[in-house]
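*Asks:* What follows is a structure written as C-alpha cells; I'll ask about it next.
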Amino acid sequence: MDMTEHASQLATRAATGVAALEARDITKSLPLGRERIEILRGISLRVAHGEFLAIMGPSGSGKSTLLGIIAGLDNPTTGQVWIDGVDITRMGEARLAAIRNTKIGMVYQAFNLIPTLTAQENVEVPLYVGTHAGSPAARARDLLRLVGLEHRLGNRPTQLSGGEQQRVAVARALATNPAIVIMDEPTGNLDQKNSENVLQMIRDLRGATGTTFIIATHDPNVAAAAQRAIRIVDGLIATDAA
Ligand SMILES: Nc1ncnc2c1ncn2[C@@H]1O[C@H](COP(=O)(O)OP(=O)(O)OP(=O)(O)O)[C@@H](O)[C@H]1O
Ligand SMILES: [Mg+2]
C-alpha cells in the first residue's frame with residue numbers, strides 16, 4: 001500500500017467518528033506478598049484517529065503499564081479497551097496478535113530487539129507475519145534510512161549503541177504502516193540530534209499518513225510537539241490538556 005492510499009484509509013476511519021483508542025475505567029492491580037498493589041486506579045481515555053497524545057508523569061506512576069494494556073500486551077484487572085472500535089479486552093490470543101500486527105506499532109521502553117537478527121532483519125520481522133504489500137527487505141531498508149541507519153543494516157543489536165537500537169525499534173514499529181503507534185520513551189536514550197530526528201519522523205508521518213501517536217515521555221520536546229498531554233500520577237489521570 002502506498003502512502004496516499006494509507007492516508008485516505010485513515011481519513012475514512014477518522015470520518016466515521018470511531019476513536020483510534022478508547023479505554024474505559026482501566027484498573028490494574030498485582031499481588032505483592034499478601035497485599036495487592038494498585039498500579040492503575042481507573043483510567044478512561046479517548047484518542048481520536050490522527051491525534052498525537054503525550055503521556056507524562058513521574059517514574060512509577062503507571063505509564064508503561066497503561067501502554068502495555070492499550071497495546072493488548074497485558075490485561076487490565078477491570079475495564080475495557082477498544083482499538084478502532086473493536087473490544088480487545090480478553091480477546092483470544094490469535095485475533096489479538098492479528099490486531100497488534102496490523103493496527104499497532106510499538107516501541108518498548110527496553111527496545112526488545114531480537115539479538116540474533118540484524119537491524120534490517122529486526123525491522124522485517126513484522127512484515128513476515130500476516131500479509132503485507134511490497135518487499136520486506138526494501139521496506140526495512142527505507143525505514144532504516146529514514147532513521148539514519150543505512151550504514152548499520154547488517155549489525156546485530158549488540159553491535160549497535162543504545163540510541164541506534166532505539167532507532168531500529170522505531171523503524172520496526174512503523175514497518176506495517178500501523179494506524180496507531182505506541183511509544184514508551186522513544187527518545188529516552190537519544191542525544192538531542194537523534195531525538196530531533198525521531199520527532200521529525202513523527203511529524204512527517206503525521207503529515208503524510210495521519211497516523212495516531214501515543215507516546216509516554218519525560219522529554220519536554222516530545223510533549224511540546226504533541227497536540228495533547230495527559231499527566232498520570234499514582235495510577236490516575238491528574239491533568240488532560242490540549
Ligand atoms: N510486574 C510487576 N510487579 C509488581 N509491581 C510492578 C510490576 N510492574 C510494574 N510494577 C509497579 O507499578 C508501578 C508503575 O510502573 P510503570 O512501569 O507503569 O511506571 P512508569 O510510569 O512507566 O515509570 P517510568 O517513568 O519509570 O518508566 C511501579 O511502582 C512499579 O514498581
Ligand atoms: Mg515506563
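Ordering of the C-alpha cells sets the chain letters (A, B, ...), residue numbers begin anew at 1 in every chain, and ligands are numbered from 1 in the order given.
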Compile the contact shell of A:Leu30 as a list in words: residues with an atom at most 9 Å away, counting only C-alpha atoms, same-chain residues fewer than 5 positions apart removed.
*Replies:*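 Surrounding residues, per the criterion: Glu35, Arg36, Ile37, Glu38, Ile39 and Thr77 of chain A.
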*Asks:* Take the residues just selected and output them with N, CA and C atoms as a PDB file, in the first residue's frame.
*Replies:*
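Contents of the output file selection.pdb:
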```pdb
ATOM      1  N   GLU A  35      -0.406  -8.419  50.155  1.00  0.00           N
ATOM      2  CA  GLU A  35      -1.190  -7.256  49.732  1.00  0.00           C
ATOM      3  C   GLU A  35      -1.405  -7.311  48.220  1.00  0.00           C
ATOM      4  N   ARG A  36      -2.192  -6.380  47.739  1.00  0.00           N
ATOM      5  CA  ARG A  36      -2.236  -6.130  46.294  1.00  0.00           C
ATOM      6  C   ARG A  36      -1.832  -4.682  46.096  1.00  0.00           C
ATOM      7  N   ILE A  37      -0.983  -4.437  45.091  1.00  0.00           N
ATOM      8  CA  ILE A  37      -0.715  -3.036  44.807  1.00  0.00           C
ATOM      9  C   ILE A  37      -1.558  -2.608  43.618  1.00  0.00           C
ATOM     10  N   GLU A  38      -2.119  -1.412  43.748  1.00  0.00           N
ATOM     11  CA  GLU A  38      -2.937  -0.862  42.666  1.00  0.00           C
ATOM     12  C   GLU A  38      -2.055   0.038  41.824  1.00  0.00           C
ATOM     13  N   ILE A  39      -1.798  -0.409  40.614  1.00  0.00           N
ATOM     14  CA  ILE A  39      -0.916   0.369  39.733  1.00  0.00           C
ATOM     15  C   ILE A  39      -1.729   1.389  38.943  1.00  0.00           C
ATOM     16  N   THR A  77      -7.044  -5.344  35.075  1.00  0.00           N
ATOM     17  CA  THR A  77      -7.780  -6.090  36.101  1.00  0.00           C
ATOM     18  C   THR A  77      -9.281  -5.878  35.891  1.00  0.00           C
TER      19      THR A  77
END
```
*Asks:* Counting only C-alpha atoms and all ligand atoms, name the residues that have an atom within 8 Å of an atom of ligand 1; the answer should be given as a list of chain:residue names.
*Replies:*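 Written in the requested form, the residues are A:Leu30, A:Pro31, A:Leu32, A:Ile37, A:Glu38, A:Ile39, A:Leu40, A:Met56, A:Gly57, A:Pro58, A:Ser59, A:Gly60, A:Ser61, A:Gly62, A:Lys63, A:Ser64, A:Thr65, A:Leu66, A:Gln109, A:Asp184, A:Glu185, A:Ala216, A:Thr217, A:His218, A:Ile232, A:Gly235.
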*Asks:* Which one of A:Ala241, A:Ile99, A:Met106, A:Ala226 sits closest to A:Val170 if you count only C-alpha atoms?
*Replies:*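 Counting only C-alpha atoms, the residue closest to A:Val170 is A:Met106.
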*Asks:* Could you please write out, as an MDAnalysis selection string, every residue of stretch 10-242 of chain A that DSSP assigns to strand (DSSP E or B)?
*Replies:* chainID A and resid 21:32 35:47 52:56 78:83 86:87 104:107 180:184 212:216 228:233 236:241
*Asks:* I'd like to know which of A:Ala223, A:Ala133, A:Met183, A:Glu93 is closest to ligand 2, using only C-alpha atoms and all ligand atoms.
*Replies:*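 Using only C-alpha atoms and all ligand atoms, ligand 2 sits closest to A:Met183.
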*Asks:* Based on the backbone DSSP call, show me all residues of stretch 4-105 of chain A assigned helix (DSSP H, G or I), as a PyMOL selection string.
*Replies:* chain A and resi 4-15+63-70+93-103
*Asks:* Hey, what's within 9 Å of stretch 70-74 of chain A if we count only C-alpha atoms and toss same-chain stuff fewer than 4 positions away? As a ChimeraX atom specification, please?
*Replies:* /A:21-23,65-66,81-83,88-91,96-97,99-100,104-106,182
*Asks:* Would you mind exporting the chosen residues as a short mmCIF file (atom, residue, chain, number, x, y, z; two decimals), in the first residue's frame, restricted to N, CA and C atoms?
*Replies:*
```cif
data_model
loop_
_atom_site.label_atom_id
_atom_site.label_comp_id
_atom_site.auth_asym_id
_atom_site.auth_seq_id
_atom_site.Cartn_x
_atom_site.Cartn_y
_atom_site.Cartn_z
N LEU A 21 -8.46 4.85 19.80
CA LEU A 21 -8.36 4.13 21.06
C LEU A 21 -9.42 4.63 22.02
N GLU A 22 -10.07 3.72 22.68
CA GLU A 22 -10.93 4.11 23.78
C GLU A 22 -10.64 3.17 24.94
N ALA A 23 -10.31 3.75 26.08
CA ALA A 23 -10.08 2.96 27.29
C ALA A 23 -11.09 3.43 28.32
N THR A 65 2.69 0.59 32.23
CA THR A 65 1.61 -0.37 32.49
C THR A 65 0.41 -0.05 31.60
N LEU A 66 0.05 1.23 31.54
CA LEU A 66 -1.09 1.64 30.71
C LEU A 66 -0.82 1.35 29.23
N VAL A 81 -10.86 -1.96 26.70
CA VAL A 81 -10.08 -1.23 25.70
C VAL A 81 -10.63 -1.54 24.30
N TRP A 82 -10.91 -0.49 23.54
CA TRP A 82 -11.31 -0.66 22.14
C TRP A 82 -10.21 -0.07 21.26
N ILE A 83 -9.81 -0.82 20.25
CA ILE A 83 -8.88 -0.31 19.25
C ILE A 83 -9.69 -0.18 17.96
N ILE A 88 -10.77 -5.21 22.52
CA ILE A 88 -9.67 -6.18 22.58
C ILE A 88 -9.53 -6.81 23.97
N THR A 89 -10.35 -6.34 24.91
CA THR A 89 -10.20 -6.84 26.28
C THR A 89 -10.57 -8.32 26.31
N ARG A 90 -9.70 -9.11 26.80
CA ARG A 90 -9.93 -10.55 26.90
C ARG A 90 -10.25 -11.22 25.56
N MET A 91 -9.71 -10.67 24.51
CA MET A 91 -9.83 -11.30 23.18
C MET A 91 -8.85 -12.47 23.13
N LEU A 96 -6.01 -11.30 18.71
CA LEU A 96 -5.28 -10.18 19.29
C LEU A 96 -3.94 -9.97 18.57
N ALA A 97 -3.26 -11.08 18.29
CA ALA A 97 -1.97 -10.99 17.59
C ALA A 97 -2.16 -10.34 16.22
N ILE A 99 -4.51 -8.18 15.37
CA ILE A 99 -4.77 -6.76 15.56
C ILE A 99 -3.48 -6.01 15.90
N ARG A 100 -2.67 -6.62 16.78
CA ARG A 100 -1.39 -5.98 17.11
C ARG A 100 -0.53 -5.83 15.87
N ILE A 104 -1.26 -1.85 15.25
CA ILE A 104 -0.48 -1.21 16.30
C ILE A 104 1.02 -1.40 16.06
N GLY A 105 1.76 -0.30 16.15
CA GLY A 105 3.22 -0.38 16.16
C GLY A 105 3.68 0.01 17.54
N MET A 106 4.62 -0.74 18.11
CA MET A 106 5.00 -0.48 19.50
C MET A 106 6.51 -0.32 19.63
N ILE A 182 2.41 3.30 19.32
CA ILE A 182 2.54 3.49 20.76
C ILE A 182 4.03 3.43 21.09
#
```
*Asks:* Given only C-alpha atoms as the basis, pick out the residue of A:Leu149, A:Ile215, A:Ala119, A:Ala225 nearest to A:Asn194.
*Replies:*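 That would be A:Leu149, the residue with the smallest distance to A:Asn194.
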*Asks:* I need the residue nearest ligand 2 from this list: A:Ala138, A:Ala94, A:Leu160, A:Val107. Use only C-alpha atoms and all ligand atoms for the distance.
*Replies:*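 The closest residue to ligand 2 is A:Val107.
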*Asks:* Quick one: pull the distance between atom CA of A:Gln166 and atom CA of A:Ile237, Å, one decimal.
*Replies:* 27.5 Å
*Asks:* What's the separation between atom CA of A:Arg139 and atom CA of A:Pro126, in Å to one decimal place?
*Replies:*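 Calculated distance between atom CA of A:Arg139 and atom CA of A:Pro126 is 11.2 Å.
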*Asks:* Which value, in Å to one decimal, gives the distance between atom CA of A:Thr239 and atom CA of A:Asn75?
*Replies:*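 Straight-line distance from atom CA of A:Thr239 to atom CA of A:Asn75 works out to 24.3 Å.
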*Asks:* Counting only C-alpha atoms and all ligand atoms, which residue out of A:Asn122, A:Leu67, A:Thr27, A:Ser195 sits closest to ligand 2?
*Replies:*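 Result for the nearest residue to ligand 2: A:Leu67.
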*Asks:* Have a look at A:Val129, A:Leu153, A:Ala110, A:Ala19 and name the one nearest to ligand 2; count only C-alpha atoms and all ligand atoms.
*Replies:*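 Among the listed residues, the smallest separation from ligand 2 belongs to A:Ala110.
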*Asks:* Which residues are near A:Tyr128? Cut-off 10 Å, only C-alpha atoms, ignore same chain within fewer than 5 positions. Put them as a list of chain:residue names.
*Replies:*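 My reading of the contact set: A:Ser135, A:Pro136, A:Thr176.
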*Asks:* Leaving out A:Ser44 and any residue of its chain fewer than 3 positions from it, which residues lie within 7 Å of it when counting only C-alpha atoms, given as a list in words?
*Replies:*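 Answer for this query is Ala23, Arg24, Asp25 and Ile26 of chain A.
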*Asks:* Can you write just those residues out, C-alpha atoms, as a short mmCIF file (atom, residue, chain, number, x, y, z; two decimals), in the first residue's frame?
*Replies:*
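Dumped to result10.cif:
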```cif
data_model
loop_
_atom_site.label_atom_id
_atom_site.label_comp_id
_atom_site.auth_asym_id
_atom_site.auth_seq_id
_atom_site.Cartn_x
_atom_site.Cartn_y
_atom_site.Cartn_z
CA ALA A 23 -10.08 2.96 27.29
CA ARG A 24 -12.79 2.88 29.93
CA ASP A 25 -12.15 2.64 33.67
CA ILE A 26 -8.91 0.74 33.42
#
```
